[in-house]
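For reference, the structure discussed in these notes is given below.
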Amino acid sequence: MKPVTFQCSHLIPRSAAEICSAAADTDLWSSFKGYGILPGIEKASYDKRTEDMLGSRIRVRSTDGSEYIEEIYKWVPGKEIGMRFCEFTPPLSNLASHFTEEWTLVEKNNATQVTRSFQMFPKQAAARPVLWLISLFFRRAIQLQLAQMAALA
C-alpha cells in the first residue's frame with residue numbers, strides 16, 4: 001500500500017553530533033508537544049538500548065494515553081538516523097501498520113541542515129485519507145519542533 005509521505009527541513013546552529021546525541025536522549029522527547037489533534041509525547045524510555053544504537057527500542061507514551069514503539073534501524077552518528085514506529089495502540093493501530101522517520105544531517109558553516117522524512121503506511125486503502133489528514137498536523141508539529149531545536153541552540 002502506498003504510504004503517506006512528508007518531509008521537513010531546518011538549519012540548526014548545532015553540530016550534527018550534538019543533534020544525534022539529543023535525539024538519543026529520551027528525557028528530551030517530552031519537549032515534542034504535538035499540534036492540533038496530534039498528541040505530544042508524555043514519556044519515552046528505552047526498552048532495549050544497544051551499544052551502537054541499532055536495534056534499540058524506545059517505548060513512547062503520548063499525552064492522549066496511546067503508546068507505540070520506535071525501533072532504530074539506522075544510526076550513523078552525525079549523518080543519518082532511521083526509526084520505525086510500530087506496535088501502535090488504538091486508534092492508530094486500526095489505521096497504520098507502521099511509520100518510518102529518517103533524519104539526514106549535513107553540516108554547513110557552524111550549523112547543521114536537518115531533514116526529517118516520514119512515511120506513514122496505511123493498513124487499508126480507506127485509512128489513507130485519514131493518515132493524510134493526520135500528516136498535516138504531524139508535519140506542522142515537526143516544523144515547530146525543528147524551530148524549537150534551533151532556538152534552543
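In the C-alpha cells, chains take the letters A, B, ... in the order shown, each chain's residues start at 1, and ligands count up from 1 in the order shown.
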
Per-residue nearest contacts of segment 21-134 of chain A to segment 138-147 of chain A (9 Å; only C-alpha atoms) as CSV:
```
residue,atom,partner,partner_atom,distance
A:Ser31,CA,A:Gln145,CA,8.0
A:Phe32,CA,A:Gln145,CA,6.4
A:Lys33,CA,A:Ala141,CA,7.3
A:Gly34,CA,A:Ala141,CA,5.1
A:Tyr35,CA,A:Ala141,CA,5.1
A:Gly36,CA,A:Ala141,CA,8.5
A:Leu38,CA,A:Phe138,CA,6.5
A:Gly40,CA,A:Ala141,CA,8.7
A:Val114,CA,A:Leu146,CA,8.2
A:Arg116,CA,A:Ile142,CA,8.3
A:Phe118,CA,A:Arg139,CA,9.0
A:Leu133,CA,A:Phe138,CA,8.9
A:Ile134,CA,A:Phe138,CA,6.1
```

For N, CA and C atoms, I'd like the residues from the last selection saved as a CSV table (one decimal), in the first residue's frame.
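File selection15.csv, as written:
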```
chain,number,residue,atom,x,y,z
A,31,SER,N,9.6,17.1,25.1
A,31,SER,CA,9.5,18.5,24.5
A,31,SER,C,8.7,18.5,23.2
A,32,PHE,N,8.4,17.3,22.7
A,32,PHE,CA,7.6,17.3,21.5
A,32,PHE,C,6.1,17.4,21.9
A,33,LYS,N,5.5,18.6,21.6
A,33,LYS,CA,4.2,18.9,22.1
A,33,LYS,C,3.0,18.6,21.2
A,34,GLY,N,3.3,18.0,20.0
A,34,GLY,CA,2.3,17.7,19.1
A,34,GLY,C,1.7,19.0,18.4
A,35,TYR,N,0.6,18.9,17.8
A,35,TYR,CA,-0.1,20.0,17.2
A,35,TYR,C,-1.5,19.7,16.8
A,36,GLY,N,-2.4,20.5,17.2
A,36,GLY,CA,-3.8,20.2,16.9
A,36,GLY,C,-4.3,18.9,17.5
A,38,LEU,N,-2.9,16.1,16.9
A,38,LEU,CA,-1.8,15.2,17.1
A,38,LEU,C,-1.2,15.4,18.5
A,40,GLY,N,1.2,15.2,21.9
A,40,GLY,CA,2.6,15.3,22.2
A,40,GLY,C,3.1,14.0,22.8
A,114,VAL,N,19.1,19.9,9.0
A,114,VAL,CA,18.4,18.6,9.4
A,114,VAL,C,17.2,18.5,8.5
A,116,ARG,N,14.1,15.8,8.0
A,116,ARG,CA,13.4,14.6,8.5
A,116,ARG,C,12.3,14.2,7.5
A,118,PHE,N,9.3,11.4,6.5
A,118,PHE,CA,8.3,10.4,7.1
A,118,PHE,C,7.6,9.7,6.0
A,133,LEU,N,-4.7,13.3,6.5
A,133,LEU,CA,-5.1,14.4,7.4
A,133,LEU,C,-4.2,14.5,8.6
A,134,ILE,N,-3.9,13.3,9.2
A,134,ILE,CA,-3.0,13.3,10.4
A,134,ILE,C,-1.6,13.9,10.0
```

Sel. of helix (DSSP H, G or I) residues, segment 9-142 of chain A, as a PyMOL selection string:
chain A and resi 16-24+26-31+92-94+125-142

Could you write those residues out with C-alpha atoms, as a PDB file, in the first residue's frame?
```pdb
ATOM      1  CA  ALA A  16      25.409  17.090  13.759  1.00  0.00           C
ATOM      2  CA  ALA A  17      26.978  15.071  16.604  1.00  0.00           C
ATOM      3  CA  GLU A  18      25.154  17.215  19.197  1.00  0.00           C
ATOM      4  CA  ILE A  19      21.855  16.737  17.358  1.00  0.00           C
ATOM      5  CA  CYS A  20      22.327  12.926  17.279  1.00  0.00           C
ATOM      6  CA  SER A  21      23.172  12.943  20.974  1.00  0.00           C
ATOM      7  CA  ALA A  22      19.998  14.908  21.734  1.00  0.00           C
ATOM      8  CA  ALA A  23      17.934  12.509  19.583  1.00  0.00           C
ATOM      9  CA  ALA A  24      19.209   9.591  21.689  1.00  0.00           C
ATOM     10  CA  THR A  26      14.753  10.142  25.679  1.00  0.00           C
ATOM     11  CA  ASP A  27      14.451  12.621  28.568  1.00  0.00           C
ATOM     12  CA  LEU A  28      14.219  15.340  25.894  1.00  0.00           C
ATOM     13  CA  TRP A  29      11.452  13.630  23.917  1.00  0.00           C
ATOM     14  CA  SER A  30       8.682  15.117  26.078  1.00  0.00           C
ATOM     15  CA  SER A  31       9.533  18.503  24.534  1.00  0.00           C
ATOM     16  CA  LEU A  92      -3.769   4.378  15.354  1.00  0.00           C
ATOM     17  CA  SER A  93      -3.339   0.598  15.252  1.00  0.00           C
ATOM     18  CA  ASN A  94      -6.583   0.467  13.256  1.00  0.00           C
ATOM     19  CA  ALA A 125      -6.944   1.989   1.284  1.00  0.00           C
ATOM     20  CA  ALA A 126      -9.770   3.531   3.327  1.00  0.00           C
ATOM     21  CA  ALA A 127      -7.265   4.567   6.021  1.00  0.00           C
ATOM     22  CA  ARG A 128      -5.025   6.533   3.650  1.00  0.00           C
ATOM     23  CA  PRO A 129      -7.152   9.745   3.629  1.00  0.00           C
ATOM     24  CA  VAL A 130      -7.236   9.719   7.435  1.00  0.00           C
ATOM     25  CA  LEU A 131      -3.450   9.305   7.605  1.00  0.00           C
ATOM     26  CA  TRP A 132      -3.075  12.115   5.074  1.00  0.00           C
ATOM     27  CA  LEU A 133      -5.114  14.389   7.363  1.00  0.00           C
ATOM     28  CA  ILE A 134      -3.015  13.325  10.364  1.00  0.00           C
ATOM     29  CA  SER A 135       0.139  14.034   8.326  1.00  0.00           C
ATOM     30  CA  LEU A 136      -0.875  17.713   8.027  1.00  0.00           C
ATOM     31  CA  PHE A 137      -0.811  18.055  11.823  1.00  0.00           C
ATOM     32  CA  PHE A 138       2.275  15.833  12.121  1.00  0.00           C
ATOM     33  CA  ARG A 139       4.175  17.981   9.577  1.00  0.00           C
ATOM     34  CA  ARG A 140       3.320  21.156  11.498  1.00  0.00           C
ATOM     35  CA  ALA A 141       4.397  19.548  14.792  1.00  0.00           C
ATOM     36  CA  ILE A 142       7.755  18.529  13.281  1.00  0.00           C
TER      37      ILE A 142
END
```

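You will find atom CA of Ala151 of chain A at 18.3 Å from atom CA of Val106 of chain A.
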
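The interatomic distance for the pair atom CA of Pro90 of chain A and atom CA of Glu42 of chain A works out to 16.8 Å.
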
Counting only C-alpha atoms, which residue out of A:Gly82, A:Pro3, A:Pro39, A:Pro77 sits closest to Arg61 of chain A?
A:Pro39

Could you pull the residues within 6 Å of segment 67-71 of chain A, counting only C-alpha atoms, minus those fewer than 2 positions along the same chain, as number ranges by chain?
A: 56-61, 83-89

Could you save those same residues with C-alpha atoms as a PDB file, in the first residue's frame?
```
ATOM      1  CA  SER A  56      17.370  -0.108  20.179  1.00  0.00           C
ATOM      2  CA  ARG A  57      13.675   0.031  21.114  1.00  0.00           C
ATOM      3  CA  ILE A  58      12.044   3.042  22.722  1.00  0.00           C
ATOM      4  CA  ARG A  59       8.588   2.858  24.298  1.00  0.00           C
ATOM      5  CA  VAL A  60       6.667   6.096  23.813  1.00  0.00           C
ATOM      6  CA  ARG A  61       3.575   7.210  25.722  1.00  0.00           C
ATOM      7  CA  MET A  83      13.438   4.832  13.084  1.00  0.00           C
ATOM      8  CA  ARG A  84      10.403   2.609  12.615  1.00  0.00           C
ATOM      9  CA  PHE A  85       7.282   3.468  14.638  1.00  0.00           C
ATOM     10  CA  CYS A  86       5.262   0.297  15.323  1.00  0.00           C
ATOM     11  CA  GLU A  87       3.108  -1.601  17.832  1.00  0.00           C
ATOM     12  CA  PHE A  88       0.600   1.248  17.962  1.00  0.00           C
ATOM     13  CA  THR A  89      -2.275   1.083  20.413  1.00  0.00           C
TER      14      THR A  89
END
```

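If you look at atom CA of Ser45 of chain A and atom CA of Gly65 of chain A, they are 15.0 Å away from each other.
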
Would you list, as number ranges by chain, the residues of chain A that end up in strand (DSSP E or B) under DSSP run on this structure's backbone?
A: 4-12, 35, 38, 41-48, 57-62, 67-76, 80-86, 96-108, 111-122

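Near Ile81 of chain A, within 6 Å and counting only C-alpha atoms, sit A:Lys74, A:Trp75, A:Glu102, A:Trp103, not including residues fewer than 3 positions from it in the same chain.
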
Using only N, CA and C atoms, please write the residues we just selected to a file, as a PDB file, in the first residue's frame.
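Produced file selection_36.pdb, reproduced below:
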```pdb
ATOM      1  N   LYS A  74      18.680   2.573  11.666  1.00  0.00           N
ATOM      2  CA  LYS A  74      19.827   3.225  11.036  1.00  0.00           C
ATOM      3  C   LYS A  74      20.390   4.220  12.031  1.00  0.00           C
ATOM      4  N   TRP A  75      21.698   4.142  12.275  1.00  0.00           N
ATOM      5  CA  TRP A  75      22.338   5.080  13.199  1.00  0.00           C
ATOM      6  C   TRP A  75      23.763   5.313  12.712  1.00  0.00           C
ATOM      7  N   GLU A 102      13.244   9.206   8.875  1.00  0.00           N
ATOM      8  CA  GLU A 102      14.675   9.226   8.598  1.00  0.00           C
ATOM      9  C   GLU A 102      15.196  10.651   8.704  1.00  0.00           C
ATOM     10  N   TRP A 103      16.275  10.788   9.453  1.00  0.00           N
ATOM     11  CA  TRP A 103      16.949  12.073   9.618  1.00  0.00           C
ATOM     12  C   TRP A 103      18.203  12.062   8.745  1.00  0.00           C
TER      13      TRP A 103
END
```
